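Undergrad: Structure below; questions to follow.
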Amino acid sequence: MTAEGGVQYSKIAEIKGPLVVVDDVENAAFDELVEVETTEGERRLGKVLEVGNGKAIVQVFEGTTGLSISGTNAKFVGKVMEMPVSKEVLGRVFDGLGRPKDGLPDPIADKFVDINGEPMNPEQREYPKDFIQTGVSVIDGLMTLVRGQKLPIFSGSGMSHNLLAAQIARQASVVGTDDDFAVVFAAIGVQYSEAEYFRRSLEESGALKRSVLFLNTADDPAIERIITPRVALTVAEHLAFDLGMHVLVVITDMTNYAEALREISAAREEVPGRKGYPGYLYTDLSTLYERAGKLNGRKGSVTQVPILSMPSDDITHPIPDLTGYITEGQIVVGRDLFRQGVYPPINILSSLSRLMKDGIGEGSTRDDHSEVSNQVYDAYSRSQEVRALAGIVGKAGLTEIDLKYLELGDTFEKEFLTQATDENRTIEETLALMWKIVSKLPKNEITKIKDKHVEKYYKEE
Amino acid sequence: MASHSALESTIDKILSNTEQSILENIRSGLDDSQQNLDNAIPKLESEYDKIISDGEKEADKIAKQITGSSDIEARNKQLMALEDGVNKVFSQALDQITNSDRSGDYSNLIKTLIEEATQILGTSDILISTNAKDKDVVQSVLSQFSGAELTSDTFDCLGGIRVKSKDGTMTFDNTLDARIDRLKPLIRKEIAAKFGVGI
C-alpha cells in the first residue's frame with residue numbers, strides 16, 4: 001500500500017448491465033480495483049475485466065443502478081482488491097465485499113492481501129489425512145471430512161442444507177490436537193433470515209469467537225457474489241498458513257456464485273456454454289476450490305465445504321457436474337429423505353468422501369471404522385433393495401433375513417441418520433451407533449468386518 | 001369318624017400342596033424379580049451414564065455459550081475503545097496539519113505533489129486547484145511547471161492539490177486528505193501498536 005492514489009477518468013463510454021466501459025484510459029491493469037463515483041458522490045467498488053485500445057471494462061460490484069454516462073467518474077486505484085487480514089477478524093461479521101457488518105470498526109490489519117490468492121505450489125502440497133469431527137454422525141461415520149479436503153454438499157432448493165451448514169460450522173473441531181481451529185463462513189446470496197440465522201446460531205453457541213462470517217444477502221448486488229468466496233478464502237489462508245490454524249471454510253450457496261458469473265458473462269456478450277454458463281466455469285470454480293489444502297512445513301490447513309443447490313435436483317447440471325470434477329467426493333442431500341422429515345437428509349448411497357480412507361482408522365478415529373462403515377453402506381444398500389421389493393410383493397413375501405435388512409434400514413434412518421440440529425455426537429458415539437445397526441444382522445451376514453472387531457463390538461439384540 | 005379323618009387328611013394334603021405351590025410361585029417370582037433387577041442394573045447404569053453425559057454436554061454447551069459471548073462482548077468493547085483512541089490521535093494530527101506553518105518546506109511538498117501528479121497523468125497540461133490557504137504557495141511554485149495553471153476555484157481540504165488534465169478527462173487527487181485516507185489503514189496499525197495492540 002502506498003500513498004499514491006489513482007487517476008480518475010470521467011469519460012464513460014457505455015454502461016451495460018453490471019459493466020461500465022471507460023474511455024481514454026491509460027495504464028490500467030487487469031483486475032485493478034476501481035472506485036466508481038456517482039453524480040451524487042456515492043462510491044462503488046469495481047474491478048477491471050478487460051483493458052486495451054484506450055478502453056477499460058469495469059465490473060461494478062455494487063451494480064450500476066442509478067449510474068449515468070455523464071457525471072460518473074471512475075477512479076483506477078492502482079492496486080488489486082485487497083482484504084485486511086489479522087487474527088482480529090475472528091468473531092467478526094463482514095458483508096460480501098469484506099466490509100464490517102457488525103457495527104465495529106475495520107479490523108487492524110497485519111497485512112493487506114490480494115483476494116485472488118496465490119496458487120498453491122502443487123509440489124508443496126501435503127496429502128490430507130487428519131480427521132475433522134463435524135459432530136454429524138452420517139458425515140463423521142460414513143463420509144469423513146479430512147483436514148485440507150474439499151468436500152461439497154449437493155442439495156436442492158428448499159432443503160435443509162443451510163441448517164446442516166450452520167451445524168457443521170458450530171460443531172466442527174479437530175480432535176487429538178491442541179492446534180487452533182477456526183471456521184470461515186461465506187454466505188452467498190442467502191435470504192436475510194438465513195443470514196441472521198447463521199449469525200445468531202454461531203453467536204448463541206459461543207462458536208462466533210472462533211469464526212468469521214461473510215454475509216452477502218439476496219438483496220445485495222449479484223456481482224458482489226463473485227467477491228464473497230474470494231475474501232473468505234483470503235482470510236482462511238491467512239489464518240491457516242500465516243497463523244497455523246486449521247480452518248474450515250463453509251460456502252453456501254455456490255449456485256448463486258455461478259449465476260452471478262453467468263450474469264457478467266452475458267453482459268460481456270461471451271459465447272455461452274452449457275445452460276448459459278460461461279465456458280470457463282470449470283476454470284473459475286477451480287480457482288476457488290483449489291484454495292483448499294495443506295502445505296509442507298506449514299502447520300495449518302484450509303478445508304472447504306462448499307454447498308450448492310442443484311437446480312431441479314439435477315446432479316448433471318453444470319454446477320454440480322463441474323464441481324464434482326474438482327472436489328474430492330460429495331455429500332448428497334436427498335429429496336425423499338427430506339420429505340420423510342429426516343434431518344440431515346443425506347443420501348449416503350450417492351455420497352462419498354474420496355479422502356476418508358486416509359483420515360480414519362487407528363490413531364485417527366478407531367481401527368474398526370473403515371470396516372464398520374463399509375458394512376453399514378452395504379447393509380443399507382441391501383435394505384433399500386428389500387424396501388423396493390416389499391413395495392411390490394408386500395412384507396409377507398419377504399424372507400426372514402430380508403425382514404432383518406428392512407428393520408436395519410429403518411433403524412439406520414431413525415437412529416443414526418436422524419440427529420437434532422443441536423446434537424453434537426463424538427466419533428465414539430457415532431461408531432457405537434454404527435455397531436448398533438450392524439448388530440441388527442446375524443453374524444453370518446457380517447462379511448466386511450474382521451472377526452476380532454465383531455467379537456469386540458457386536459452386541460446381539 | 002373314619003370319614004372325618006379321611007376328609008381332614010385330604011384337606012391337609014390340599015393345604016400342603018397349595019402351600020407348596022404358593023411357596024414355589026413366591027420363590028419363582030422372587031427369582032424372576034431378582035433376574036429382572038439384575039438385568040435392569042446395566043440398563044440403569046447405562047441410562048444413568050447417558051443422563052450424566054447428556055448433562056455434562058449440556059453444561060459444556062452452556063459454558064461455551066456464556067464464555068463465548070462474554071469474550072466477544074469484551075473484545076468488542078476493547079475494539080471500540082481502541083478505535084476511539086486511534087480516532088483521537090488522528091483528529092489531533094489533522095488539527096496539527098491544518099494549523100501548520102505554510103512557509104519553508106511546505107512549498108517543496110507542493111512541488112513534489114505537482115511533479116507526482118503530472119507524472120501519473122502523463123501530461124503537463126494541467127489545471128491545479130487547492131484550498132484558499134495554500135493558493136499562494138501553489139502559485140509560487142507554478143512557474144516551474146510549464147502548461148500548469150491554477151484555477152480560481154478553491155475547495156476545502158487540509159492541504160495539497162487536485163490536478164485535472166486540461167481536456168477534463170482525467171483527475172488526480174493529491175490532497176493531503178486523499179493521501180491520509182489511502183494510508184489510514186497502515187497508520188491505524190502503527191497507532192494501535194503504540195497502545196500495545198497488534199504488536
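To be explicit about the labels: the chains of the C-alpha cells are called A, B, and onward in the order shown, and within each one the residues are counted from 1, while ligands get numbers from 1 in the order they are shown.
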Mind checking which residues fall within 12 Å of Thr112 in chain B, counting only C-alpha atoms, ignoring those fewer than 2 positions away in the same chain, and posting them as an mmCIF file with N, CA, C and O atoms, in the first residue's frame?

TA:
```cif
data_model
loop_
_atom_site.group_PDB
_atom_site.id
_atom_site.type_symbol
_atom_site.label_atom_id
_atom_site.label_comp_id
_atom_site.auth_asym_id
_atom_site.auth_seq_id
_atom_site.Cartn_x
_atom_site.Cartn_y
_atom_site.Cartn_z
ATOM 1 N N GLU A 4 0.388 6.945 -2.930
ATOM 2 C CA GLU A 4 -0.014 7.373 -4.267
ATOM 3 C C GLU A 4 -1.398 6.861 -4.592
ATOM 4 O O GLU A 4 -1.705 5.695 -4.394
ATOM 5 N N ASP B 105 9.509 24.492 4.134
ATOM 6 C CA ASP B 105 9.497 23.250 3.349
ATOM 7 C C ASP B 105 8.171 22.965 2.658
ATOM 8 O O ASP B 105 8.113 22.115 1.774
ATOM 9 N N TYR B 106 7.113 23.652 3.052
ATOM 10 C CA TYR B 106 5.793 23.307 2.514
ATOM 11 C C TYR B 106 5.744 23.496 1.002
ATOM 12 O O TYR B 106 5.105 22.731 0.284
ATOM 13 N N SER B 107 6.448 24.531 0.498
ATOM 14 C CA SER B 107 6.432 24.754 -0.961
ATOM 15 C C SER B 107 7.117 23.584 -1.680
ATOM 16 O O SER B 107 6.727 23.215 -2.791
ATOM 17 N N ASN B 108 8.139 23.011 -1.043
ATOM 18 C CA ASN B 108 8.794 21.827 -1.633
ATOM 19 C C ASN B 108 7.825 20.654 -1.715
ATOM 20 O O ASN B 108 7.824 19.894 -2.681
ATOM 21 N N LEU B 109 6.997 20.551 -0.667
ATOM 22 C CA LEU B 109 5.998 19.476 -0.648
ATOM 23 C C LEU B 109 5.024 19.660 -1.818
ATOM 24 O O LEU B 109 4.730 18.713 -2.560
ATOM 25 N N ILE B 110 4.549 20.891 -1.991
ATOM 26 C CA ILE B 110 3.593 21.171 -3.077
ATOM 27 C C ILE B 110 4.248 20.852 -4.426
ATOM 28 O O ILE B 110 3.624 20.245 -5.309
ATOM 29 N N ILE B 114 2.912 18.203 -7.232
ATOM 30 C CA ILE B 114 2.607 18.533 -8.639
ATOM 31 C C ILE B 114 3.403 17.613 -9.569
ATOM 32 O O ILE B 114 2.872 17.076 -10.549
ATOM 33 N N GLU B 115 4.674 17.423 -9.235
ATOM 34 C CA GLU B 115 5.516 16.531 -10.072
ATOM 35 C C GLU B 115 4.905 15.134 -10.149
ATOM 36 O O GLU B 115 4.797 14.542 -11.222
ATOM 37 N N GLU B 116 4.483 14.642 -9.002
ATOM 38 C CA GLU B 116 3.885 13.297 -8.924
ATOM 39 C C GLU B 116 2.630 13.231 -9.794
ATOM 40 O O GLU B 116 2.426 12.279 -10.552
ATOM 41 N N ALA B 117 1.805 14.301 -9.707
ATOM 42 C CA ALA B 117 0.536 14.320 -10.443
ATOM 43 C C ALA B 117 0.769 14.355 -11.953
ATOM 44 O O ALA B 117 0.122 13.612 -12.704
ATOM 45 N N THR B 118 1.714 15.169 -12.388
ATOM 46 C CA THR B 118 1.966 15.262 -13.839
ATOM 47 C C THR B 118 2.507 13.931 -14.365
ATOM 48 O O THR B 118 2.157 13.495 -15.454
ATOM 49 N N GLN B 119 3.315 13.312 -13.555
ATOM 50 C CA GLN B 119 3.881 12.013 -13.944
ATOM 51 C C GLN B 119 2.774 10.954 -14.074
ATOM 52 O O GLN B 119 2.724 10.214 -15.055
ATOM 53 N N VAL B 138 1.029 27.470 -3.903
ATOM 54 C CA VAL B 138 0.945 26.786 -5.202
ATOM 55 C C VAL B 138 1.359 27.758 -6.305
ATOM 56 O O VAL B 138 2.143 27.405 -7.188
ATOM 57 N N VAL B 141 5.101 28.179 -6.851
ATOM 58 C CA VAL B 141 5.921 27.133 -7.492
ATOM 59 C C VAL B 141 5.471 26.859 -8.926
ATOM 60 O O VAL B 141 6.095 26.090 -9.652
ATOM 61 N N LEU B 142 4.370 27.501 -9.334
ATOM 62 C CA LEU B 142 3.751 27.173 -10.625
ATOM 63 C C LEU B 142 4.663 27.484 -11.817
ATOM 64 O O LEU B 142 4.618 26.804 -12.844
ATOM 65 N N GLN B 144 7.550 26.823 -12.263
ATOM 66 C CA GLN B 144 8.461 25.701 -12.574
ATOM 67 C C GLN B 144 7.776 24.626 -13.418
ATOM 68 O O GLN B 144 8.400 23.653 -13.841
ATOM 69 N N PHE B 145 6.464 24.772 -13.665
ATOM 70 C CA PHE B 145 5.734 23.755 -14.441
ATOM 71 C C PHE B 145 5.050 24.412 -15.633
ATOM 72 O O PHE B 145 3.998 25.039 -15.478
ATOM 73 N N GLY B 160 -2.440 20.443 0.089
ATOM 74 C CA GLY B 160 -2.161 19.679 -1.124
ATOM 75 C C GLY B 160 -2.934 20.212 -2.314
ATOM 76 O O GLY B 160 -3.501 21.313 -2.273
ATOM 77 N N ILE B 161 -2.984 19.409 -3.380
ATOM 78 C CA ILE B 161 -3.573 19.895 -4.640
ATOM 79 C C ILE B 161 -4.476 18.839 -5.281
ATOM 80 O O ILE B 161 -4.361 17.653 -4.978
ATOM 81 N N ASN B 174 -4.343 14.720 -5.231
ATOM 82 C CA ASN B 174 -3.106 14.618 -4.451
ATOM 83 C C ASN B 174 -3.169 15.559 -3.245
ATOM 84 O O ASN B 174 -2.167 16.168 -2.868
ATOM 85 N N THR B 175 -4.371 15.639 -2.670
ATOM 86 C CA THR B 175 -4.503 16.444 -1.441
ATOM 87 C C THR B 175 -3.976 15.621 -0.268
ATOM 88 O O THR B 175 -3.877 14.385 -0.362
#
```

Undergrad: Residues of chain A near chain B: apply a cut-off of 10 Å, count only C-alpha atoms, and supply the list as a PyMOL selection string.

TA: chain A and resi 1-12+23-27+73-75+77+84+86-88+90-92+102-112+202-210+422-425

Undergrad: Next, dump the selected residues to file, keeping only N, CA and C atoms, as a compact mmCIF listing (two decimals), in the first residue's frame.

TA:
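again_32.txt, freshly written:
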```txt
# COMPACT_ATOMS: atom_id res chain seq x y z
N MET A 1 0.85 -1.20 0.00
CA MET A 1 0.00 0.00 0.00
C MET A 1 0.88 1.25 0.00
N THR A 2 0.57 2.19 -0.91
CA THR A 2 1.36 3.41 -0.96
C THR A 2 0.44 4.61 -0.81
N ALA A 3 1.08 5.78 -0.64
CA ALA A 3 0.28 6.99 -0.50
C ALA A 3 -0.24 7.46 -1.85
N GLU A 4 0.39 6.94 -2.93
CA GLU A 4 -0.01 7.37 -4.27
C GLU A 4 -1.40 6.86 -4.59
N GLY A 5 -2.22 7.75 -5.13
CA GLY A 5 -3.56 7.32 -5.48
C GLY A 5 -3.65 7.03 -6.95
N GLY A 6 -4.87 6.83 -7.43
CA GLY A 6 -5.04 6.52 -8.83
C GLY A 6 -5.65 7.67 -9.58
N VAL A 7 -5.69 7.50 -10.90
CA VAL A 7 -6.24 8.54 -11.76
C VAL A 7 -7.74 8.35 -11.90
N GLN A 8 -8.43 9.47 -11.88
CA GLN A 8 -9.88 9.40 -12.04
C GLN A 8 -10.26 9.80 -13.46
N TYR A 9 -11.01 8.94 -14.15
CA TYR A 9 -11.42 9.23 -15.52
C TYR A 9 -12.90 9.58 -15.54
N SER A 10 -13.24 10.54 -16.37
CA SER A 10 -14.64 10.97 -16.38
C SER A 10 -15.34 10.68 -17.71
N LYS A 11 -14.62 9.99 -18.63
CA LYS A 11 -15.25 9.70 -19.92
C LYS A 11 -15.81 8.28 -19.92
N ILE A 12 -17.08 8.18 -19.61
CA ILE A 12 -17.73 6.87 -19.58
C ILE A 12 -18.39 6.64 -20.94
N ASP A 23 -13.55 5.23 -21.32
CA ASP A 23 -12.76 5.59 -22.50
C ASP A 23 -11.48 6.33 -22.12
N ASP A 24 -10.55 6.37 -23.06
CA ASP A 24 -9.29 7.13 -22.92
C ASP A 24 -8.51 6.74 -21.67
N VAL A 25 -8.49 5.46 -21.39
CA VAL A 25 -7.79 5.01 -20.18
C VAL A 25 -6.37 4.59 -20.54
N GLU A 26 -5.44 5.08 -19.77
CA GLU A 26 -4.04 4.67 -19.96
C GLU A 26 -3.56 3.98 -18.70
N ASN A 27 -2.72 3.00 -18.88
CA ASN A 27 -2.06 2.33 -17.75
C ASN A 27 -2.98 1.63 -16.75
N ASN A 73 -17.74 9.15 -12.54
CA ASN A 73 -16.28 9.10 -12.64
C ASN A 73 -15.77 7.73 -12.22
N ALA A 74 -14.70 7.30 -12.85
CA ALA A 74 -14.10 6.01 -12.48
C ALA A 74 -12.66 6.25 -12.08
N LYS A 75 -12.37 5.93 -10.82
CA LYS A 75 -11.01 6.15 -10.33
C LYS A 75 -10.28 4.82 -10.26
N VAL A 77 -7.59 2.70 -8.93
CA VAL A 77 -6.89 2.87 -7.65
C VAL A 77 -5.41 2.47 -7.71
N PRO A 84 -7.96 -6.75 4.33
CA PRO A 84 -7.11 -6.63 5.52
C PRO A 84 -7.23 -7.90 6.36
N SER A 86 -5.89 -10.28 9.79
CA SER A 86 -5.20 -10.42 11.07
C SER A 86 -6.04 -11.38 11.91
N LYS A 87 -5.52 -11.78 13.05
CA LYS A 87 -6.29 -12.70 13.89
C LYS A 87 -7.55 -12.02 14.43
N GLU A 88 -7.51 -10.68 14.39
CA GLU A 88 -8.64 -9.89 14.89
C GLU A 88 -9.92 -10.10 14.12
N LEU A 90 -11.36 -12.79 13.63
CA LEU A 90 -12.15 -13.83 14.28
C LEU A 90 -13.22 -13.19 15.17
N GLY A 91 -14.43 -13.72 15.06
CA GLY A 91 -15.54 -13.17 15.84
C GLY A 91 -16.23 -12.00 15.16
N ARG A 92 -15.79 -11.70 13.93
CA ARG A 92 -16.36 -10.55 13.23
C ARG A 92 -17.33 -10.97 12.14
N ASP A 102 -20.92 -5.55 11.48
CA ASP A 102 -21.34 -5.74 12.87
C ASP A 102 -21.29 -4.45 13.67
N GLY A 103 -21.15 -3.33 12.95
CA GLY A 103 -21.13 -2.04 13.65
C GLY A 103 -19.81 -1.72 14.31
N LEU A 104 -18.82 -2.59 14.12
CA LEU A 104 -17.50 -2.34 14.72
C LEU A 104 -16.57 -1.76 13.66
N PRO A 105 -15.47 -1.15 14.09
CA PRO A 105 -14.55 -0.55 13.10
C PRO A 105 -13.84 -1.61 12.26
N ASP A 106 -13.19 -1.14 11.19
CA ASP A 106 -12.37 -2.05 10.38
C ASP A 106 -11.35 -2.74 11.27
N PRO A 107 -11.06 -4.01 11.01
CA PRO A 107 -10.03 -4.66 11.85
C PRO A 107 -8.66 -4.02 11.61
N ILE A 108 -7.85 -3.99 12.65
CA ILE A 108 -6.47 -3.51 12.49
C ILE A 108 -5.73 -4.64 11.77
N ALA A 109 -5.25 -4.33 10.57
CA ALA A 109 -4.72 -5.40 9.73
C ALA A 109 -3.25 -5.68 9.97
N ASP A 110 -2.88 -6.97 9.94
CA ASP A 110 -1.46 -7.34 9.95
C ASP A 110 -0.89 -7.03 8.58
N LYS A 111 -1.69 -7.34 7.56
CA LYS A 111 -1.28 -7.04 6.19
C LYS A 111 -2.50 -7.01 5.29
N PHE A 112 -2.30 -6.54 4.07
CA PHE A 112 -3.37 -6.49 3.08
C PHE A 112 -3.04 -7.49 1.99
N LEU A 202 -24.26 -19.03 15.44
CA LEU A 202 -22.86 -19.07 15.88
C LEU A 202 -22.66 -18.27 17.17
N GLU A 203 -23.38 -17.16 17.26
CA GLU A 203 -23.25 -16.31 18.43
C GLU A 203 -23.76 -17.04 19.68
N GLU A 204 -24.95 -17.64 19.55
CA GLU A 204 -25.57 -18.27 20.73
C GLU A 204 -24.85 -19.55 21.16
N SER A 205 -24.17 -20.19 20.22
CA SER A 205 -23.47 -21.42 20.59
C SER A 205 -22.07 -21.11 21.13
N GLY A 206 -21.69 -19.84 21.08
CA GLY A 206 -20.36 -19.47 21.55
C GLY A 206 -19.29 -19.74 20.53
N ALA A 207 -19.71 -20.18 19.30
CA ALA A 207 -18.72 -20.52 18.28
C ALA A 207 -18.28 -19.30 17.47
N LEU A 208 -18.95 -18.17 17.69
CA LEU A 208 -18.63 -16.99 16.89
C LEU A 208 -17.20 -16.52 17.13
N LYS A 209 -16.71 -16.72 18.37
CA LYS A 209 -15.36 -16.18 18.68
C LYS A 209 -14.26 -16.88 17.89
N ARG A 210 -14.56 -18.06 17.35
CA ARG A 210 -13.55 -18.73 16.53
C ARG A 210 -13.97 -18.73 15.05
N ASP A 422 -28.98 -29.52 17.23
CA ASP A 422 -28.01 -29.09 18.25
C ASP A 422 -27.34 -30.30 18.91
N GLU A 423 -27.42 -31.44 18.24
CA GLU A 423 -26.83 -32.65 18.83
C GLU A 423 -25.43 -32.85 18.24
N ASN A 424 -24.46 -32.79 19.11
CA ASN A 424 -23.06 -32.91 18.68
C ASN A 424 -22.54 -34.27 19.13
N ARG A 425 -22.45 -35.22 18.18
CA ARG A 425 -22.04 -36.58 18.56
C ARG A 425 -20.53 -36.75 18.39
```

Undergrad: Find the spatial neighbours of Glu385 in chain A, counting only C-alpha atoms, within a cut-off of 12 Å - ignore same-chain residues fewer than 5 positions away - and output them as an MDAnalysis selection string.

TA: chainID A and resid 349 378:380 390:392 398 402:403 405:406 409

Undergrad: CA of Gln96 in chain B and CA of Asn131 in chain B, how far apart in Å?

TA: 16.5 Å
